[in-house]
$ cat work.cif   # mmCIF, C-alpha atoms
data_run
#
loop_
_atom_site.label_atom_id
_atom_site.label_comp_id
_atom_site.auth_asym_id
_atom_site.auth_seq_id
_atom_site.Cartn_x
_atom_site.Cartn_y
_atom_site.Cartn_z
CA MET A 214 72.02 142.85 137.81
CA SER A 215 73.68 139.92 136.07
CA LEU A 216 73.04 138.98 132.55
CA PRO A 217 72.11 135.44 131.57
CA PRO A 218 74.87 133.57 129.79
CA PRO A 219 74.77 133.79 126.03
CA PRO A 220 73.21 130.76 124.33
CA GLN A 221 75.79 128.23 123.28
CA ALA A 222 76.06 127.35 119.67
CA PRO A 223 75.35 123.68 118.83
CA PRO A 224 78.46 121.62 118.05
CA PRO A 225 79.34 121.58 114.39
CA PRO A 226 78.01 118.49 112.61
CA GLN A 227 80.53 115.68 112.26
CA SER A 228 81.66 114.74 108.82
CA SER A 229 81.35 111.15 107.69
CA GLU A 230 85.14 110.81 108.01
CA GLU A 231 85.03 111.85 111.68
CA ARG A 232 82.17 109.43 112.37
CA LEU A 233 84.18 106.64 110.71
CA ARG A 234 87.23 107.46 112.86
CA THR A 235 85.10 107.42 116.00
CA ALA A 236 83.56 104.07 115.03
CA LEU A 237 87.02 102.61 114.37
CA ARG A 238 88.26 103.82 117.75
CA VAL A 239 85.30 102.21 119.49
CA PHE A 240 85.83 98.96 117.56
CA ALA A 241 89.57 98.92 118.37
CA ALA A 242 88.86 99.51 122.07
CA ALA A 243 86.31 96.67 122.11
CA ALA A 244 88.73 94.33 120.31
CA ALA A 245 91.49 95.20 122.80
CA MET A 246 89.15 94.43 125.71
CA VAL A 247 88.26 91.03 124.19
CA ILE A 248 91.94 90.14 123.69
CA ILE A 249 92.85 91.21 127.24
CA THR A 250 89.92 89.19 128.63
CA LEU A 251 90.98 86.06 126.72
CA LEU A 252 94.59 86.39 127.90
CA LEU A 253 93.46 86.82 131.51
CA MET A 254 91.21 83.77 131.20
CA GLN A 255 94.17 81.67 129.97
CA ILE A 256 96.34 82.88 132.85
CA ILE A 257 93.61 82.13 135.39
CA HIS A 258 93.05 78.70 133.80
CA ARG A 259 96.78 77.88 134.09
CA VAL A 260 96.92 79.05 137.71
CA THR A 261 93.75 77.29 138.86
CA ASP A 262 94.63 74.02 137.09
CA ALA A 263 98.14 73.91 138.56
CA PRO A 264 98.84 70.62 140.33
CA ALA A 265 98.14 70.63 144.04
CA GLU A 266 101.13 70.43 146.34
CA THR A 267 99.47 67.78 148.48
CA PRO A 268 97.20 65.07 147.12
CA GLU A 269 93.62 65.06 148.32
CA THR A 270 92.97 62.47 150.95
CA PRO A 271 89.68 61.65 152.62
CA GLU A 272 90.76 63.92 155.51
CA THR A 273 91.43 66.95 153.26
CA MET A 274 88.30 66.63 151.11
CA ALA A 275 85.16 68.51 152.12
CA GLU A 276 82.45 66.43 153.75
CA GLY A 277 79.91 65.07 151.31
CA GLU A 278 82.18 65.78 148.34
CA PRO A 279 82.62 62.71 146.12
CA PRO A 280 86.19 61.77 145.19
CA PRO A 281 87.29 63.06 141.77
CA VAL A 282 86.77 60.70 138.86
CA GLU A 283 89.73 60.50 136.55
CA PRO A 284 89.15 59.66 132.88
CA VAL A 285 90.91 56.58 131.58
CA ALA A 286 92.44 56.39 128.12
CA GLU A 287 92.19 52.90 126.73
CA LEU A 288 93.90 51.67 123.63
CA PRO A 289 92.88 48.57 121.73
CA ALA A 290 94.65 45.43 122.87
CA ALA A 291 97.96 44.91 121.10
CA PRO A 292 98.51 41.60 119.30
CA ALA A 293 100.72 39.04 121.04
CA ALA A 294 103.54 39.73 118.59
CA PRO A 295 104.08 43.50 118.38
CA LEU A 296 103.92 45.02 114.91
CA VAL A 297 106.46 47.71 115.80
CA PRO A 298 110.21 47.34 116.15
CA ASP A 299 111.44 46.39 119.62
CA SER A 300 113.04 49.82 120.00
CA GLU A 301 109.57 51.43 119.78
CA SER A 302 107.47 48.86 121.64
CA GLY A 303 106.31 49.59 125.15
CA LEU A 304 105.64 52.89 126.87
CA ARG A 305 107.77 55.98 126.18
CA ILE A 306 107.30 59.26 128.09
CA SER A 307 109.22 62.47 127.44
CA ALA A 308 108.65 65.91 128.97
CA VAL A 309 108.27 69.15 127.06
CA GLU A 310 108.33 71.06 130.38
CA PRO A 311 109.18 69.74 133.86
CA VAL A 312 106.16 67.85 135.21
CA LYS A 313 105.34 65.44 138.06
CA VAL A 314 104.84 61.89 136.72
CA ARG A 315 103.98 58.61 138.44
CA VAL A 316 104.19 55.29 136.56
CA GLU A 317 102.89 51.91 137.72
CA ILE A 318 103.67 48.72 135.83
CA ASP A 319 101.46 45.76 136.75
CA GLY A 320 100.53 47.48 140.01
CA VAL A 321 104.14 48.20 141.06
CA GLU A 322 105.31 51.80 141.25
CA ARG A 323 108.27 52.25 138.91
CA TYR A 324 108.67 56.04 138.82
CA ASP A 325 107.37 58.88 140.99
CA ALA A 326 109.20 62.19 140.51
CA VAL A 327 109.47 65.28 138.36
CA LEU A 328 110.42 64.44 134.78
CA CYS A 329 112.67 67.13 133.29
CA ALA A 330 112.25 68.65 129.84
CA SER A 331 114.21 67.12 126.97
CA LEU A 332 116.39 70.21 126.58
CA ASP A 333 117.23 70.45 130.30
CA THR A 334 120.84 69.26 130.61
CA THR A 335 120.97 69.65 134.41
CA CYS A 336 118.64 66.70 134.97
CA GLU A 337 119.32 62.99 134.60
CA GLU A 338 115.78 61.71 133.84
CA ARG A 339 114.53 63.17 130.55
CA VAL A 340 112.89 60.18 128.84
CA LEU A 341 111.20 57.21 130.50
CA LYS A 342 110.98 53.88 128.63
CA PHE A 343 109.17 50.79 129.89
CA PRO A 344 108.73 47.42 128.17
CA LEU A 345 105.22 46.14 127.44
CA ALA A 346 103.31 44.78 130.42
CA ALA A 347 99.77 43.58 131.18
CA GLU A 348 98.80 46.92 132.78
CA MET A 349 100.62 50.22 132.62
CA ALA A 350 99.32 53.35 134.39
CA VAL A 351 100.64 56.90 134.06
CA GLU A 352 99.51 59.65 136.43
CA VAL A 353 100.45 63.17 135.38
CA ALA A 354 99.62 66.64 136.65
CA ASP A 355 99.47 68.26 133.18
CA LEU A 356 99.40 66.28 129.91
CA THR A 357 100.28 69.37 127.86
CA ARG A 358 103.80 69.06 129.30
CA LEU A 359 104.33 65.44 128.17
CA ARG A 360 104.61 63.34 125.05
CA VAL A 361 103.35 59.79 125.61
CA SER A 362 103.83 56.98 123.08
CA TYR A 363 102.50 53.44 123.40
CA ASN A 364 103.85 50.84 120.95
CA GLY A 365 105.29 53.60 118.77
CA ALA A 366 101.98 55.51 118.43
CA ARG A 367 101.57 58.89 120.11
CA VAL A 368 98.74 58.93 122.66
CA GLU A 369 96.52 62.01 122.56
CA PRO A 370 93.59 61.74 125.00
CA LEU A 371 90.51 63.92 124.62
CA GLY A 372 89.32 66.49 127.13
CA ASN A 373 91.12 68.98 129.34
CA LEU A 374 94.79 68.07 128.97
CA SER A 375 96.00 70.54 131.60
CA ALA A 376 94.04 68.78 134.36
CA SER A 377 95.51 65.90 136.37
CA ARG A 378 95.01 62.65 134.47
CA ARG A 379 95.57 58.92 134.85
CA LEU A 380 96.22 57.01 131.63
CA VAL A 381 95.86 53.23 131.81
CA PHE A 382 97.12 50.89 129.08
CA ILE A 383 95.89 47.30 129.26
CA ASP A 384 97.32 44.51 127.10
CA ASP A 385 94.77 41.67 127.26
CA ALA A 386 97.17 39.29 125.52
CA ARG A 387 99.56 39.52 128.49
CA ARG A 388 96.93 39.08 131.23
#

$ encode --input "work.cif" --output "structure tokens"
Amino acid sequence: MSLPPPPQAPPPPQSSEERLRTALRVFAAAAAMVIITLLLMQIIHRVTDAPAETPETPETMAEGEPPPVEPVAELPAAPAAPLVPDSESGLRISAVEPVKVRVEIDGVERYDAVLCASLDTTCEERVLKFPLAAEMAVEVADLTRLRVSYNGARVEPLGNLSASRRLVFIDDARR
């Protein structure tokens, strides 16, 4: 005949110090999970917003899908006589990191290649400068990788800067 197991004694009550340690451990674990989640979200955002290797054409877009609408940054029309020195007038583009850039001046393509970072000594093109024109358009895969100045003033559009953008500068005085 077997004997029933002896009754187990209840666990000793936790002191307030032990409860505080347990609460701190739970809080630290939750904080670590939040930080890891935020870092993963940034990585996923960078990967999913990376520029496409091939541009979307009507043949590559899904049926019924409208073409993407690109926001346009407009600056007020500059006066006929620029208020900035000639060395700063016009459009100036420099890269913080290598990035694909396309520039059109009055409807004519002037640049379409990867612009190298300012500190990259292996590359020839590091800063693009264009004189003022009636219409200047800049297409870029990721605005966070560029510094754009128009007539000496830095241009900082609103919205998602890591998405592909087209910036258009129109000088009504030159039209």

$ residues_around --input "work.cif" --residues "Glu322 (chain A)" --least-positions-apart "4" --cutoff "10 Å" --atoms "all atoms listed in the file" --output "list of chain:residue names"
A:Arg315, A:Val316, A:Glu317, A:Ile318, A:Met349, A:Ala350, A:Val351

$ atom_distance --input "work.cif" --atom1 "CA of Val340 (chain A)" --atom2 "CA of Val381 (chain A)"
18.6 Å

$ atom_distance --input "work.cif" --atom1 "CA of Val309 (chain A)" --atom2 "CA of Val247 (chain A)"
29.8 Å

$ atom_distance --input "work.cif" --atom1 "CA of Val353 (chain A)" --atom2 "CA of Pro370 (chain A)"
12.5 Å

$ closest_residue --input "work.cif" --among "A:Arg367, A:Arg323, A:Arg234, A:Arg387" --to "Arg305 (chain A)" --atoms "all atoms listed in the file"
A:Arg367

$ residues_around --input "work.cif" --residues "Asp319 (chain A)" --least-positions-apart "3" --cutoff "7 Å" --atoms "all atoms listed in the file" --output "PDB file with C-alpha atoms, in the frame of the given file"
ATOM      1  CA  ALA A 346     103.310  44.780 130.420  1.00  0.00           C
ATOM      2  CA  ALA A 347      99.770  43.580 131.180  1.00  0.00           C
ATOM      3  CA  GLU A 348      98.800  46.920 132.780  1.00  0.00           C
ATOM      4  CA  MET A 349     100.620  50.220 132.620  1.00  0.00           C
TER       5      MET A 349
END

$ residues_near_point --input "work.cif" --point "(105.1, 60.4, 123.6)" --cutoff "9 Å" --atoms "only C-alpha atoms" --output "ChimeraX atom specification"
/A:304-308,359-363,365-369

$ build_atoms --input "work.cif" --residues "region 219-243 of chain A" --atoms "N, CA and C atoms" --output "compact mmCIF listing (two decimals), in the coordinates of the input"
# COMPACT_ATOMS: atom_id res chain seq x y z
N PRO A 219 75.22 133.83 127.43
CA PRO A 219 74.77 133.79 126.03
C PRO A 219 74.48 132.34 125.63
N PRO A 220 73.52 132.12 124.77
CA PRO A 220 73.21 130.76 124.33
C PRO A 220 74.41 130.17 123.60
N GLN A 221 74.66 128.89 123.92
CA GLN A 221 75.79 128.23 123.28
C GLN A 221 75.39 127.72 121.91
N ALA A 222 76.33 127.82 121.03
CA ALA A 222 76.06 127.35 119.67
C ALA A 222 76.14 125.82 119.67
N PRO A 223 75.28 125.14 118.90
CA PRO A 223 75.35 123.68 118.83
C PRO A 223 76.68 123.26 118.21
N PRO A 224 77.19 122.06 118.62
CA PRO A 224 78.46 121.62 118.05
C PRO A 224 78.34 121.45 116.54
N PRO A 225 79.42 121.71 115.86
CA PRO A 225 79.34 121.58 114.39
C PRO A 225 79.06 120.12 114.03
N PRO A 226 78.31 119.88 112.99
CA PRO A 226 78.01 118.49 112.61
C PRO A 226 79.30 117.77 112.21
N GLN A 227 79.36 116.48 112.59
CA GLN A 227 80.53 115.68 112.26
C GLN A 227 80.46 115.24 110.80
N SER A 228 81.61 115.22 110.20
CA SER A 228 81.66 114.74 108.82
C SER A 228 81.65 113.21 108.87
N SER A 229 81.39 112.62 107.74
CA SER A 229 81.35 111.15 107.69
C SER A 229 82.73 110.57 108.01
N GLU A 230 83.79 111.27 107.69
CA GLU A 230 85.14 110.81 108.01
C GLU A 230 85.36 110.79 109.52
N GLU A 231 84.89 111.81 110.22
CA GLU A 231 85.03 111.85 111.68
C GLU A 231 84.19 110.76 112.34
N ARG A 232 83.01 110.50 111.83
CA ARG A 232 82.17 109.43 112.37
C ARG A 232 82.84 108.07 112.15
N LEU A 233 83.47 107.88 111.00
CA LEU A 233 84.18 106.64 110.71
C LEU A 233 85.36 106.46 111.67
N ARG A 234 86.11 107.53 111.92
CA ARG A 234 87.23 107.46 112.86
C ARG A 234 86.74 107.10 114.27
N THR A 235 85.66 107.71 114.68
CA THR A 235 85.10 107.42 116.00
C THR A 235 84.66 105.96 116.08
N ALA A 236 84.01 105.46 115.05
CA ALA A 236 83.56 104.07 115.03
C ALA A 236 84.76 103.12 115.08
N LEU A 237 85.82 103.45 114.34
CA LEU A 237 87.02 102.61 114.37
C LEU A 237 87.67 102.61 115.74
N ARG A 238 87.69 103.75 116.41
CA ARG A 238 88.26 103.82 117.75
C ARG A 238 87.46 102.95 118.72
N VAL A 239 86.15 103.02 118.63
CA VAL A 239 85.30 102.21 119.49
C VAL A 239 85.52 100.73 119.21
N PHE A 240 85.59 100.35 117.93
CA PHE A 240 85.83 98.96 117.56
C PHE A 240 87.19 98.49 118.06
N ALA A 241 88.23 99.30 117.91
CA ALA A 241 89.57 98.92 118.37
C ALA A 241 89.59 98.76 119.89
N ALA A 242 88.91 99.63 120.61
CA ALA A 242 88.86 99.51 122.07
C ALA A 242 88.13 98.22 122.48
N ALA A 243 87.05 97.89 121.79
CA ALA A 243 86.31 96.67 122.11
C ALA A 243 87.17 95.44 121.79
